[in-house]
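Chemist: Got a structure for you, upload.cif, holding mmCIF, C-alpha atoms.
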```cif
data_data
loop_
_atom_site.label_atom_id
_atom_site.label_comp_id
_atom_site.auth_asym_id
_atom_site.auth_seq_id
_atom_site.Cartn_x
_atom_site.Cartn_y
_atom_site.Cartn_z
CA MET A 858 -4.32 26.63 -3.41
CA THR A 859 -1.59 24.36 -2.12
CA VAL A 860 -0.87 23.65 1.52
CA GLY A 861 2.79 22.81 1.99
CA SER A 862 2.88 21.13 5.40
CA ALA A 863 0.88 20.24 8.51
CA ALA A 864 1.96 23.53 10.11
CA GLU A 865 0.35 25.45 7.25
CA VAL A 866 -3.08 23.88 7.79
CA LYS A 867 -4.98 26.78 9.37
CA ASP A 868 -8.54 26.48 8.08
CA GLN A 869 -10.62 24.16 10.27
CA ALA A 870 -12.97 23.03 7.48
CA TYR A 871 -9.97 22.14 5.31
CA LYS A 872 -8.38 20.23 8.15
CA ASN A 873 -11.56 18.27 8.85
CA ALA A 874 -11.81 17.21 5.22
CA LEU A 875 -8.11 16.28 5.07
CA VAL A 876 -8.22 14.24 8.27
CA GLU A 877 -11.32 12.41 7.08
CA LEU A 878 -9.69 11.46 3.77
CA LEU A 879 -6.47 10.34 5.48
CA TYR A 880 -8.41 8.04 7.81
CA GLN A 881 -10.14 6.47 4.81
CA LEU A 882 -6.85 5.89 3.00
CA ALA A 883 -5.04 4.62 6.09
CA ASP A 884 -7.81 2.33 7.33
CA ASP A 885 -8.37 0.84 3.85
CA ASP A 886 -4.70 -0.08 3.43
CA PHE A 887 -4.38 -1.26 7.02
CA ILE A 888 -7.28 -3.73 6.94
CA THR A 889 -6.40 -4.89 3.42
CA ALA A 890 -2.83 -5.67 4.50
CA TYR A 891 -4.16 -7.47 7.59
CA ARG A 892 -6.59 -9.66 5.66
CA GLY A 893 -3.82 -10.36 3.16
CA SER A 894 -1.41 -11.33 5.94
CA GLU A 895 -3.87 -14.00 7.11
CA TRP A 896 -3.03 -15.85 3.88
CA LEU A 897 0.60 -16.31 4.94
CA GLY A 898 1.49 -19.97 4.50
CA LEU A 899 -1.88 -20.71 2.89
CA ALA A 900 -1.45 -19.19 -0.59
CA PRO A 901 -1.79 -21.62 -3.54
CA HIS A 902 1.97 -22.04 -4.00
CA ILE A 903 5.20 -20.89 -2.39
CA GLU A 904 6.02 -18.19 -4.96
CA GLU A 905 2.62 -16.66 -4.30
CA ASP A 906 3.24 -16.81 -0.59
CA VAL A 907 6.38 -14.70 -1.13
CA ALA A 908 4.65 -12.31 -3.52
CA PHE A 909 1.48 -11.80 -1.48
CA SER A 910 3.50 -11.25 1.72
CA SER A 911 5.62 -8.68 -0.05
CA ILE A 912 2.53 -6.85 -1.30
CA ASN A 913 1.01 -6.89 2.19
CA GLN A 914 4.22 -5.53 3.64
CA ASP A 915 4.21 -2.65 1.13
CA THR A 916 0.52 -1.99 1.82
CA MET A 917 1.09 -1.92 5.56
CA GLY A 918 3.93 0.54 4.90
CA HIS A 919 1.49 2.76 3.01
CA ALA A 920 -1.00 2.58 5.88
CA ALA A 921 1.78 3.52 8.32
CA MET A 922 2.65 6.52 6.18
CA PHE A 923 -0.97 7.73 6.08
CA TYR A 924 -1.19 7.31 9.87
CA ARG A 925 2.03 9.31 10.14
CA LEU A 926 0.43 12.13 8.15
CA LEU A 927 -2.46 12.01 10.65
CA GLU A 928 0.01 12.10 13.53
CA ASP A 929 1.62 15.20 11.99
CA LEU A 930 -1.83 16.82 12.06
CA GLY A 931 -2.21 16.16 15.78
CA GLU A 932 -4.50 13.12 15.58
CA GLY A 933 -2.39 11.05 17.98
CA GLU A 934 0.50 8.64 17.80
CA MET A 935 0.53 6.50 14.65
CA ASN A 936 0.75 3.07 16.32
CA SER A 937 -2.20 3.88 18.50
CA LEU A 938 -4.16 5.14 15.48
CA ALA A 939 -3.51 1.80 13.79
CA HIS A 940 -4.18 -0.51 16.75
CA ALA A 941 -6.16 1.19 19.48
CA ARG A 942 -9.17 2.48 17.57
CA GLY A 943 -12.36 0.43 17.73
CA SER A 944 -14.56 -0.44 14.75
CA GLU A 945 -16.89 2.48 15.55
CA GLU A 946 -14.04 4.86 14.63
CA ARG A 947 -12.82 3.13 11.46
CA ARG A 948 -13.49 4.48 7.97
CA ASN A 949 -12.44 1.49 5.83
CA ALA A 950 -14.85 0.15 3.22
CA ILE A 951 -16.92 -2.84 4.36
CA ILE A 952 -15.78 -5.19 1.58
CA LEU A 953 -12.18 -4.87 2.80
CA GLU A 954 -12.96 -6.05 6.33
CA GLU A 955 -14.76 -9.20 5.18
CA VAL A 956 -13.18 -12.46 6.35
CA ASN A 957 -11.21 -14.44 3.78
CA GLY A 958 -13.57 -17.39 4.16
CA SER A 959 -14.91 -19.69 6.84
CA GLY A 960 -12.68 -20.94 9.65
CA THR A 961 -9.75 -19.06 11.14
CA TYR A 962 -6.08 -18.83 10.38
CA LEU A 963 -5.34 -21.59 12.89
CA VAL A 964 -8.46 -23.76 12.62
CA GLU A 965 -9.73 -24.97 9.26
CA PRO A 966 -8.98 -21.86 7.20
CA ASN A 967 -11.31 -22.48 4.25
CA TYR A 968 -10.26 -19.29 2.56
CA ASP A 969 -11.40 -18.54 -0.98
CA TRP A 970 -8.53 -17.70 -3.31
CA ALA A 971 -10.91 -16.46 -6.02
CA PHE A 972 -12.30 -13.89 -3.57
CA ALA A 973 -8.75 -12.90 -2.58
CA VAL A 974 -7.80 -12.34 -6.24
CA VAL A 975 -10.95 -10.38 -7.14
CA ARG A 976 -10.95 -8.25 -4.00
CA ASN A 977 -7.24 -7.45 -4.34
CA TYR A 978 -7.43 -6.74 -8.07
CA PHE A 979 -10.42 -4.42 -7.62
CA TYR A 980 -8.71 -2.76 -4.68
CA ALA A 981 -5.31 -2.30 -6.38
CA GLN A 982 -7.07 -0.68 -9.34
CA ALA A 983 -9.17 1.56 -7.08
CA LYS A 984 -6.05 2.56 -5.20
CA LYS A 985 -4.28 3.36 -8.47
CA VAL A 986 -7.17 5.64 -9.51
CA LYS A 987 -7.01 7.44 -6.16
CA ILE A 988 -3.22 7.70 -6.09
CA ASP A 989 -3.19 9.22 -9.58
CA SER A 990 -5.70 11.80 -8.38
CA LEU A 991 -3.78 12.39 -5.13
CA LYS A 992 -0.66 13.32 -7.09
CA ASN A 993 -2.49 16.61 -7.71
CA SER A 994 -3.75 16.94 -4.14
CA SER A 995 -3.89 20.42 -2.62
CA TYR A 996 -2.08 18.98 0.43
CA GLN A 997 1.54 18.71 -0.67
CA PRO A 998 2.66 16.00 1.82
CA LEU A 999 -0.15 13.78 0.49
CA ALA A 1000 0.78 14.52 -3.12
CA ASP A 1001 4.41 13.61 -2.33
CA ALA A 1002 3.34 10.39 -0.64
CA ALA A 1003 1.23 9.48 -3.67
CA VAL A 1004 4.28 9.62 -5.96
CA LYS A 1005 6.07 7.17 -3.68
CA VAL A 1006 3.11 4.79 -3.26
CA ASN A 1007 2.50 4.78 -7.01
CA MET A 1008 5.86 3.19 -7.77
CA GLU A 1009 5.20 0.25 -5.45
CA LEU A 1010 1.55 -0.06 -6.45
CA TYR A 1011 2.65 -0.59 -10.06
CA TYR A 1012 3.85 -4.08 -9.15
CA HIS A 1013 0.77 -4.88 -7.05
CA LEU A 1014 -1.63 -4.05 -9.86
CA LEU A 1015 0.42 -6.01 -12.39
CA HIS A 1016 0.34 -9.01 -10.07
CA TRP A 1017 -3.40 -9.06 -9.40
CA LYS A 1018 -4.32 -8.28 -12.99
CA THR A 1019 -2.30 -11.32 -14.08
CA TRP A 1020 -4.05 -13.62 -11.57
CA PHE A 1021 -7.47 -12.22 -12.49
CA SER A 1022 -7.05 -12.75 -16.24
CA GLN A 1023 -5.46 -16.17 -15.94
CA LEU A 1024 -8.06 -17.63 -13.58
CA MET A 1025 -10.95 -16.10 -15.53
CA ASN A 1026 -9.61 -17.43 -18.82
CA ALA A 1027 -8.83 -20.86 -17.36
CA GLY A 1028 -12.50 -21.90 -17.70
CA GLY A 1029 -14.13 -24.67 -15.67
CA GLU A 1030 -14.34 -24.39 -11.91
CA ALA A 1031 -11.82 -21.54 -11.82
CA ARG A 1032 -14.00 -19.29 -13.97
CA LYS A 1033 -17.15 -20.17 -12.08
CA ARG A 1034 -15.56 -19.42 -8.72
CA MET A 1035 -14.09 -16.19 -10.06
CA MET A 1036 -17.49 -15.06 -11.34
CA ASP A 1037 -19.07 -15.82 -7.96
CA ALA A 1038 -16.29 -13.79 -6.35
CA VAL A 1039 -16.94 -10.87 -8.73
CA ASP A 1040 -20.63 -10.87 -7.72
CA LYS A 1041 -19.75 -11.00 -4.04
CA THR A 1042 -17.13 -8.23 -4.28
CA ALA A 1043 -19.18 -5.95 -6.56
CA ALA A 1044 -22.11 -6.01 -4.10
CA ASP A 1045 -20.10 -3.87 -1.67
CA PHE A 1046 -17.20 -2.47 -3.67
CA ALA A 1047 -18.81 0.93 -4.29
CA GLY A 1048 -17.81 1.60 -0.68
CA VAL A 1049 -14.12 1.64 -1.67
CA LEU A 1050 -14.66 4.41 -4.24
CA SER A 1051 -17.02 6.38 -2.00
CA LEU A 1052 -15.68 9.31 0.03
CA GLY A 1053 -18.62 9.08 2.46
CA ASP A 1054 -20.88 11.81 3.83
CA LYS A 1055 -18.01 14.30 3.84
CA GLY A 1056 -17.11 13.54 0.21
CA GLU A 1057 -18.25 16.89 -1.10
CA GLU A 1058 -16.08 18.81 1.34
CA ILE A 1059 -13.11 16.56 0.55
CA ALA A 1060 -13.44 17.11 -3.21
CA LYS A 1061 -14.12 20.84 -2.81
CA ALA A 1062 -10.92 21.22 -0.78
CA GLY A 1063 -9.01 19.92 -3.83
CA LEU A 1064 -7.68 16.97 -1.85
CA ILE A 1065 -8.85 14.33 -4.36
CA GLU A 1066 -11.43 14.09 -7.14
CA GLY A 1067 -15.02 13.32 -6.15
CA GLY A 1068 -16.33 9.78 -5.67
CA ASP A 1069 -18.36 9.83 -8.92
CA MET A 1070 -15.27 10.67 -10.94
CA LEU A 1071 -13.23 7.98 -9.17
CA MET A 1072 -15.94 5.46 -10.05
CA VAL A 1073 -15.86 6.45 -13.75
CA ARG A 1074 -12.08 6.16 -13.82
CA TRP A 1075 -12.17 2.76 -12.11
CA LYS A 1076 -14.68 1.40 -14.60
CA ASN A 1077 -12.64 2.69 -17.54
CA ALA A 1078 -9.54 1.07 -16.14
CA VAL A 1079 -11.02 -2.41 -15.60
CA LYS A 1080 -13.04 -2.43 -18.83
CA PRO A 1081 -10.30 -3.78 -21.13
CA ILE A 1082 -9.52 -6.59 -18.67
CA PHE A 1083 -13.18 -7.58 -18.37
CA GLU A 1084 -13.53 -7.43 -22.16
CA SER A 1085 -10.54 -9.70 -22.62
CA CYS A 1086 -12.34 -12.18 -20.32
CA ASN A 1087 -15.65 -11.78 -22.22
CA LEU A 1088 -17.38 -10.29 -19.21
CA PRO A 1089 -19.36 -7.10 -18.66
CA VAL A 1090 -18.05 -4.67 -16.06
CA PRO A 1091 -20.24 -5.30 -13.00
CA GLU A 1092 -22.38 -2.61 -11.39
CA LEU A 1093 -20.86 -1.71 -8.05
CA GLU A 1094 -23.11 -1.45 -5.03
CA MET A 1095 -22.96 -0.79 -1.29
CA LYS A 1096 -25.43 -3.35 -0.03
CA ARG A 1097 -24.27 -3.42 3.56
CA GLY A 1098 -23.74 0.30 4.04
CA ASN A 1099 -20.89 2.78 3.82
CA GLY A 1100 -17.82 2.13 5.95
CA ARG A 1101 -16.72 5.76 5.42
CA ASN A 1102 -19.63 6.70 7.69
CA LYS A 1103 -18.41 4.19 10.31
CA VAL A 1104 -20.93 1.50 9.40
CA HIS A 1105 -19.28 -1.91 9.84
CA THR A 1106 -19.87 -5.63 10.24
CA PRO A 1107 -18.79 -7.99 13.07
CA ASP A 1108 -15.92 -9.09 10.78
CA LEU A 1109 -14.14 -5.82 11.58
CA ASP A 1110 -14.47 -6.35 15.35
CA GLN A 1111 -13.00 -9.81 14.91
CA ALA A 1112 -10.08 -8.43 12.87
CA ILE A 1113 -9.30 -5.61 15.30
CA GLY A 1114 -9.55 -7.99 18.27
CA THR A 1115 -6.93 -10.25 16.72
CA LEU A 1116 -4.57 -7.71 15.25
CA SER A 1117 -4.46 -5.48 18.34
CA GLU A 1118 -4.08 -8.29 20.87
CA VAL A 1119 -0.32 -7.99 21.23
CA TYR A 1120 -0.34 -4.18 21.07
CA ASN A 1121 -2.98 -3.94 23.78
CA SER A 1122 -1.06 -6.32 26.06
CA ASP A 1123 1.48 -3.50 26.54
CA PRO A 1124 0.78 -0.32 24.54
CA ALA A 1125 3.95 1.37 25.82
CA ALA A 1126 6.34 -1.38 24.66
CA ALA A 1127 8.81 -0.73 21.84
CA TRP A 1128 8.76 -3.66 19.42
CA MET B 601 17.03 27.36 5.65
CA ILE B 602 19.56 24.63 4.95
CA PRO B 603 19.10 23.22 1.44
CA LEU B 604 17.94 19.62 1.43
CA THR B 605 20.63 18.51 -0.96
CA GLU B 606 23.42 19.57 1.37
CA LYS B 607 26.01 16.83 1.71
CA ASN B 608 28.59 17.46 4.39
CA GLU B 609 31.69 15.43 3.59
CA LEU B 610 32.44 14.49 7.19
CA ILE B 611 28.92 13.17 7.70
CA VAL B 612 28.76 11.34 4.37
CA ASN B 613 32.08 9.63 5.13
CA ILE B 614 30.77 8.45 8.47
CA LEU B 615 27.57 7.19 6.85
CA GLN B 616 29.63 5.00 4.51
CA GLN B 617 29.98 2.70 7.54
CA VAL B 618 26.23 2.06 7.64
CA LYS B 619 25.46 -0.96 5.49
CA ASP B 620 22.14 -2.29 4.34
CA PRO B 621 21.27 -4.73 7.17
CA GLU B 622 20.40 -7.39 4.60
CA ILE B 623 23.16 -6.69 2.04
CA ASP B 624 26.26 -6.05 4.09
CA SER B 625 28.51 -5.21 1.13
CA VAL B 626 26.76 -1.99 0.22
CA SER B 627 26.33 1.23 2.21
CA ILE B 628 23.25 3.43 2.47
CA VAL B 629 25.26 6.16 0.72
CA GLU B 630 25.93 3.86 -2.24
CA LEU B 631 22.27 2.87 -2.34
CA GLY B 632 21.37 6.53 -2.76
CA MET B 633 19.36 6.65 0.46
CA VAL B 634 21.10 9.74 1.89
CA GLU B 635 19.33 12.91 0.74
CA LYS B 636 20.81 15.32 3.23
CA ALA B 637 23.83 15.19 5.50
CA GLY B 638 24.26 18.43 7.41
CA PHE B 639 26.66 19.37 10.19
CA GLN B 640 26.58 22.45 12.40
CA GLU B 641 28.02 23.06 15.86
CA GLY B 642 28.29 19.42 16.82
CA LYS B 643 24.88 18.50 15.50
CA ALA B 644 24.47 16.12 12.55
CA THR B 645 21.25 16.30 10.58
CA VAL B 646 20.54 13.40 8.24
CA ARG B 647 17.54 12.88 5.98
CA LEU B 648 17.15 9.43 4.47
CA LEU B 649 14.91 8.18 1.67
CA PRO B 650 13.23 4.80 2.27
CA THR B 651 13.65 2.42 -0.66
CA PHE B 652 10.27 0.79 -0.02
CA MET B 653 7.88 2.28 2.52
CA GLY B 654 7.10 -0.98 4.30
CA CYS B 655 10.75 -2.03 4.58
CA PRO B 656 11.24 -3.39 8.13
CA ALA B 657 14.94 -2.52 8.01
CA LEU B 658 14.24 1.22 8.11
CA GLU B 659 14.21 1.51 11.90
CA ILE B 660 17.39 -0.59 12.12
CA ILE B 661 19.09 1.67 9.57
CA LYS B 662 18.01 4.78 11.46
CA GLY B 663 19.40 3.35 14.72
CA ASN B 664 22.68 2.40 13.04
CA VAL B 665 23.03 5.89 11.57
CA GLU B 666 22.59 7.48 14.99
CA LYS B 667 25.09 5.06 16.51
CA VAL B 668 27.93 5.72 14.03
CA LEU B 669 27.35 9.46 14.13
CA LEU B 670 27.54 9.63 17.92
CA ALA B 671 30.69 7.49 17.91
CA ASP B 672 32.48 10.38 16.17
CA SER B 673 34.12 12.79 18.63
CA HIS B 674 32.93 15.88 16.69
CA ILE B 675 29.26 14.95 16.94
CA HIS B 676 27.22 15.42 20.11
CA GLU B 677 23.70 15.52 18.77
CA THR B 678 21.80 13.87 15.90
CA ASP B 679 18.57 14.50 14.07
CA VAL B 680 17.79 11.56 11.75
CA ASP B 681 14.52 11.11 9.92
CA PHE B 682 13.04 9.71 6.72
CA LEU B 683 11.56 11.77 3.89
CA PHE B 684 8.96 10.63 1.34
CA SER B 685 9.96 13.29 -1.13
CA PRO B 686 11.92 13.19 -3.33
CA PRO B 687 11.05 9.52 -3.77
CA TRP B 688 13.91 7.04 -3.78
CA THR B 689 14.34 5.60 -7.26
CA SER B 690 16.58 2.72 -8.30
CA ASP B 691 18.72 4.98 -10.51
CA ARG B 692 20.03 6.56 -7.29
CA VAL B 693 22.25 3.50 -6.69
CA SER B 694 25.82 4.66 -7.44
CA GLU B 695 28.28 2.90 -9.76
CA ALA B 696 30.19 1.64 -6.70
CA GLY B 697 26.88 0.46 -5.24
CA ARG B 698 26.01 -1.44 -8.43
CA GLU B 699 29.37 -3.25 -8.36
CA LYS B 700 29.02 -4.14 -4.67
CA LEU B 701 25.53 -5.50 -5.20
CA LYS B 702 26.96 -7.83 -7.86
CA GLU B 703 29.69 -8.99 -5.45
CA PHE B 704 26.89 -9.98 -3.08
CA GLY B 705 25.17 -11.96 -5.84
CA ILE B 706 22.42 -9.42 -6.46
CA ALA B 707 22.00 -7.95 -9.92
CA PRO B 708 21.82 -4.14 -9.80
CA PRO B 709 18.53 -2.59 -10.91
CA PRO B 710 18.14 -2.41 -14.70
CA GLU B 711 18.88 1.04 -16.12
CA ARG B 712 15.89 1.06 -18.44
CA LEU B 713 12.44 -0.44 -18.76
CA GLU B 714 11.20 -2.03 -21.98
CA ASP B 715 8.23 -0.47 -23.78
CA ASP B 716 5.91 -3.10 -22.28
CA GLY B 717 7.08 -2.30 -18.74
CA GLY B 718 9.21 -5.45 -18.60
CA TRP B 719 12.89 -5.38 -17.76
CA LYS B 720 16.02 -7.44 -18.25
CA VAL B 721 19.17 -7.85 -16.20
CA ASN B 722 22.34 -9.84 -16.73
CA CYS B 723 23.31 -12.64 -14.38
CA PRO B 724 25.49 -11.24 -11.54
CA TYR B 725 27.67 -14.41 -11.65
CA CYS B 726 28.37 -15.02 -15.36
CA ASP B 727 27.02 -11.79 -16.91
CA SER B 728 24.83 -13.78 -19.30
CA PRO B 729 21.80 -11.90 -20.67
CA TYR B 730 19.87 -15.21 -20.84
CA THR B 731 17.91 -14.81 -17.63
CA THR B 732 14.25 -15.35 -16.77
CA MET B 733 12.00 -13.82 -14.15
CA GLU B 734 10.86 -16.35 -11.55
CA ASN B 735 9.06 -13.97 -9.20
CA ILE B 736 8.89 -10.18 -9.30
CA PHE B 737 8.48 -10.35 -5.52
CA GLY B 738 11.53 -11.63 -3.67
CA PRO B 739 12.69 -12.16 -0.09
CA THR B 740 12.66 -8.41 0.58
CA ALA B 741 10.45 -5.67 -0.85
CA CYS B 742 13.23 -4.26 -3.03
CA ARG B 743 14.29 -7.52 -4.70
CA SER B 744 13.02 -9.97 -7.34
CA ILE B 745 13.99 -13.59 -7.96
CA LEU B 746 15.46 -14.58 -11.35
CA TYR B 747 17.15 -17.58 -12.93
CA CYS B 748 20.19 -17.72 -15.22
CA LYS B 749 19.76 -20.16 -18.10
CA GLN B 750 23.49 -19.96 -18.87
CA CYS B 751 25.12 -20.86 -15.52
CA LYS B 752 21.90 -22.34 -14.08
CA ASN B 753 22.01 -20.28 -10.91
CA PRO B 754 19.01 -18.66 -9.31
CA PHE B 755 19.77 -15.08 -8.32
CA GLU B 756 18.14 -11.92 -7.06
CA ALA B 757 17.93 -8.50 -8.68
CA MET B 758 17.01 -5.12 -7.29
CA LYS B 759 13.63 -4.09 -8.67
CA PRO B 760 13.54 -1.07 -10.92
CA ILE B 761 11.61 1.74 -9.26
CA SER B 762 10.95 4.87 -11.24
CA THR B 763 8.63 7.86 -11.22
CA ILE B 764 7.55 7.04 -14.80
CA MET B 765 5.71 3.93 -13.57
#
```
Starting from the file, lay out its structure as structure tokens.
Modeler:
Amino acid sequence: MTVGSAAEVKDQAYKNALVELLYQLADDDFITAYRGSEWLGLAPHIEEDVAFSSINQDTMGHAAMFYRLLEDLGEGEMNSLAHARGSEERRNAIILEEVNGSGTYLVEPNYDWAFAVVRNYFYAQAKKVKIDSLKNSSYQPLADAAVKVNMELYYHLLHWKTWFSQLMNAGGEARKRMMDAVDKTAADFAGVLSLGDKGEEIAKAGLIEGGDMLMVRWKNAVKPIFESCNLPVPELEMKRGNGRNKVHTPDLDQAIGTLSEVYNSDPAAAW
Amino acid sequence: MIPLTEKNELIVNILQQVKDPEIDSVSIVELGMVEKAGFQEGKATVRLLPTFMGCPALEIIKGNVEKVLLADSHIHETDVDFLFSPPWTSDRVSEAGREKLKEFGIAPPPERLEDDGGWKVNCPYCDSPYTTMENIFGPTACRSILYCKQCKNPFEAMKPISTIM
């Protein structure tokens, strides 16, 4: 069964599953792009500043497109979906909302580049696994969007894979910090591949493959990279809970408070 | 239903006036961004393909399209929107578009990818093939930064974007 457009979505159970998945995809990209944007001007060198900003811009564009698909389904206006929803409504994975490090963008930003590289590499690979699956989604607008996202994601994955391998194989402090970052990221990364409590309905509706299958595909994809770095693929866990079920940490409140400050000052303004 | 590939000549000619806001030598028609250009009873319907989804110039382009259309005495109403499908790919840039990109100092997107996913372009200034990639990510989402070892100029190239990626 293929559903060609928002107007053709008649079945309520199907719509619920679709909306749930779209919120997960949109909120993941949105918070990832936001955390990435906090690195602007702080990346290790100027070329990376340009590259990381470009990736964040693409990722924010993907989030905007997923919010647009939600808007088409009657969920509300896309800008308000992005800015005006509190943490109790968000479905992003917990590891993606985590702060970049101690301090803030303006005051002593002691951000950890190793964590940025590991989190973004893991995320780009997880997104690639999902996008490949979404190309066969039963919801045609989502399958079409996946084809478009895939072409941009190609460059993101290449970028983070390169950083990951080079820092891991550099030895010394770089490798140690990278391994610490892998442990930290793996402890909550299962949340990115989870589809949450409604996962079964989402998979049954043919919208995307189930979470278990996504996990297998992710592990298969990162295995050669870990092997080339003489490392075992880490076990992924969800130590702090599942963001898909709206479980979050204070880090998300902090992020939403900052990123929605301007929007909330005048929600009707055209920027 | 009006086929999506419809290209009304009057509308396409008008859209030639709309340039990329950041590359003012090349039009959105030459960049292959116009998927549909329909015209019926004073109403122009245009469907555009975004090059990159997060491109901040998209809203500016949409506004400029509406402005030039309404400036034409035959057009009283516009319906302009972006489509995700078919996806824009870099092989949609026309021959004229490729030449105009070069005039601006930007190498047109390479026509093929190497087996390893890498790609090569000639320098837009001296046409030398001896160029190196400095940064896949450039000042805008659709461009990369390269360097010519022959004439020693840094330059930009449009990134190849293809469905085979």
Chemist: Please report as a ChimeraX atom specification which residues of chain A come no farther than 7 Å from chain B, using all atoms listed in the file.
Modeler: /A:904,907-908,911,914-915,917-919,1001-1002,1005,1008,1011
Chemist: Evaluate the PyMOL selection byres ((chain A and resi 967) around 12) against this structure - the residues, as a list in words, please.
Modeler: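 Listing what the PyMOL selection byres ((chain A and resi 967) around 12) selects in the shown file: Glu895, Trp896, Leu899, Ala900, Val956, Asn957, Gly958, Ser959, Gly960, Thr961, Tyr962, Leu963, Val964, Glu965, Pro966, Tyr968, Asp969, Trp970, Ala971 and Phe972 of chain A.
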Chemist: Just the number, please: distance in Å from atom CA of His1013 of chain A to atom CA of Ile988 of chain A, one decimal.
Modeler: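 Computing it gives 13.2 Å between the two atoms.
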Chemist: Step by step, work through what the PyMOL selection byres ((chain A and resi 1067) around 10) selects in the shown file, and finish by giving those residues as a list of chain:residue names.
Modeler: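 That expression, the PyMOL selection byres ((chain A and resi 1067) around 10), corresponds here to A:Lys987, A:Ser990, A:Leu1050, A:Ser1051, A:Leu1052, A:Gly1056, A:Glu1057, A:Glu1058, A:Ile1059, A:Ala1060, A:Lys1061, A:Gly1063, A:Leu1064, A:Ile1065, A:Glu1066, A:Gly1068, A:Asp1069, A:Met1070, A:Leu1071, A:Met1072.
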Chemist: Between atom CA of Ser995 of chain A and atom CA of Ala883 of chain A, what is the distance, to one decimal in Å?
Modeler: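 For atom CA of Ser995 of chain A relative to atom CA of Ala883 of chain A, the distance reads 18.1 Å.
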Chemist: Mind giving me the straight-line distance from atom CA of Ala1027 of chain A to atom CA of Cys1086 of chain A in Å, one decimal?
Modeler: 9.8 Å
Chemist: Identify which of the residues A:Leu938, A:Asp1040, A:Gly893, A:Ser1122 lies closest to Ser910 of chain A, counting only C-alpha atoms when measuring atom-to-atom distances.
Modeler: A:Gly893
Chemist: Quick one: apply the PyMOL selection byres ((chain A and resi 996) around 10) to the file and drop the selected residues here as a PDB file with C-alpha atoms, keeping the file's coordinate frame.
Modeler:
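selection17.pdb, written as the output of this step:
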```pdb
ATOM      1  CA  MET A 858      -4.320  26.630  -3.410  1.00  0.00           C
ATOM      2  CA  THR A 859      -1.590  24.360  -2.120  1.00  0.00           C
ATOM      3  CA  VAL A 860      -0.870  23.650   1.520  1.00  0.00           C
ATOM      4  CA  GLY A 861       2.790  22.810   1.990  1.00  0.00           C
ATOM      5  CA  SER A 862       2.880  21.130   5.400  1.00  0.00           C
ATOM      6  CA  ALA A 863       0.880  20.240   8.510  1.00  0.00           C
ATOM      7  CA  GLU A 865       0.350  25.450   7.250  1.00  0.00           C
ATOM      8  CA  VAL A 866      -3.080  23.880   7.790  1.00  0.00           C
ATOM      9  CA  TYR A 871      -9.970  22.140   5.310  1.00  0.00           C
ATOM     10  CA  LEU A 875      -8.110  16.280   5.070  1.00  0.00           C
ATOM     11  CA  LEU A 991      -3.780  12.390  -5.130  1.00  0.00           C
ATOM     12  CA  LYS A 992      -0.660  13.320  -7.090  1.00  0.00           C
ATOM     13  CA  ASN A 993      -2.490  16.610  -7.710  1.00  0.00           C
ATOM     14  CA  SER A 994      -3.750  16.940  -4.140  1.00  0.00           C
ATOM     15  CA  SER A 995      -3.890  20.420  -2.620  1.00  0.00           C
ATOM     16  CA  GLN A 997       1.540  18.710  -0.670  1.00  0.00           C
ATOM     17  CA  PRO A 998       2.660  16.000   1.820  1.00  0.00           C
ATOM     18  CA  LEU A 999      -0.150  13.780   0.490  1.00  0.00           C
ATOM     19  CA  ALA A1000       0.780  14.520  -3.120  1.00  0.00           C
ATOM     20  CA  ASP A1001       4.410  13.610  -2.330  1.00  0.00           C
ATOM     21  CA  ALA A1062     -10.920  21.220  -0.780  1.00  0.00           C
ATOM     22  CA  GLY A1063      -9.010  19.920  -3.830  1.00  0.00           C
ATOM     23  CA  LEU A1064      -7.680  16.970  -1.850  1.00  0.00           C
ATOM     24  CA  ILE A1065      -8.850  14.330  -4.360  1.00  0.00           C
TER      25      ILE A1065
END
```
Chemist: Could you pull segment 1037-1051 of chain A out of the structure just shown and give C-alpha atoms as a short mmCIF file (atom, residue, chain, number, x, y, z; two decimals), in the first residue's frame?
Modeler:
```cif
data_model
loop_
_atom_site.label_atom_id
_atom_site.label_comp_id
_atom_site.auth_asym_id
_atom_site.auth_seq_id
_atom_site.Cartn_x
_atom_site.Cartn_y
_atom_site.Cartn_z
CA ASP A 1037 35.92 8.28 26.11
CA ALA A 1038 33.53 9.99 23.70
CA VAL A 1039 32.52 6.62 22.20
CA ASP A 1040 31.66 5.32 25.69
CA LYS A 1041 29.68 8.44 26.50
CA THR A 1042 27.78 8.43 23.19
CA ALA A 1043 27.11 4.67 23.13
CA ALA A 1044 25.52 4.82 26.61
CA ASP A 1045 22.51 6.64 25.13
CA PHE A 1046 22.75 6.17 21.37
CA ALA A 1047 20.25 3.29 21.22
CA GLY A 1048 17.67 6.07 21.60
CA VAL A 1049 18.48 7.36 18.10
CA LEU A 1050 17.71 4.00 16.49
CA SER A 1051 14.63 3.38 18.64
#
```
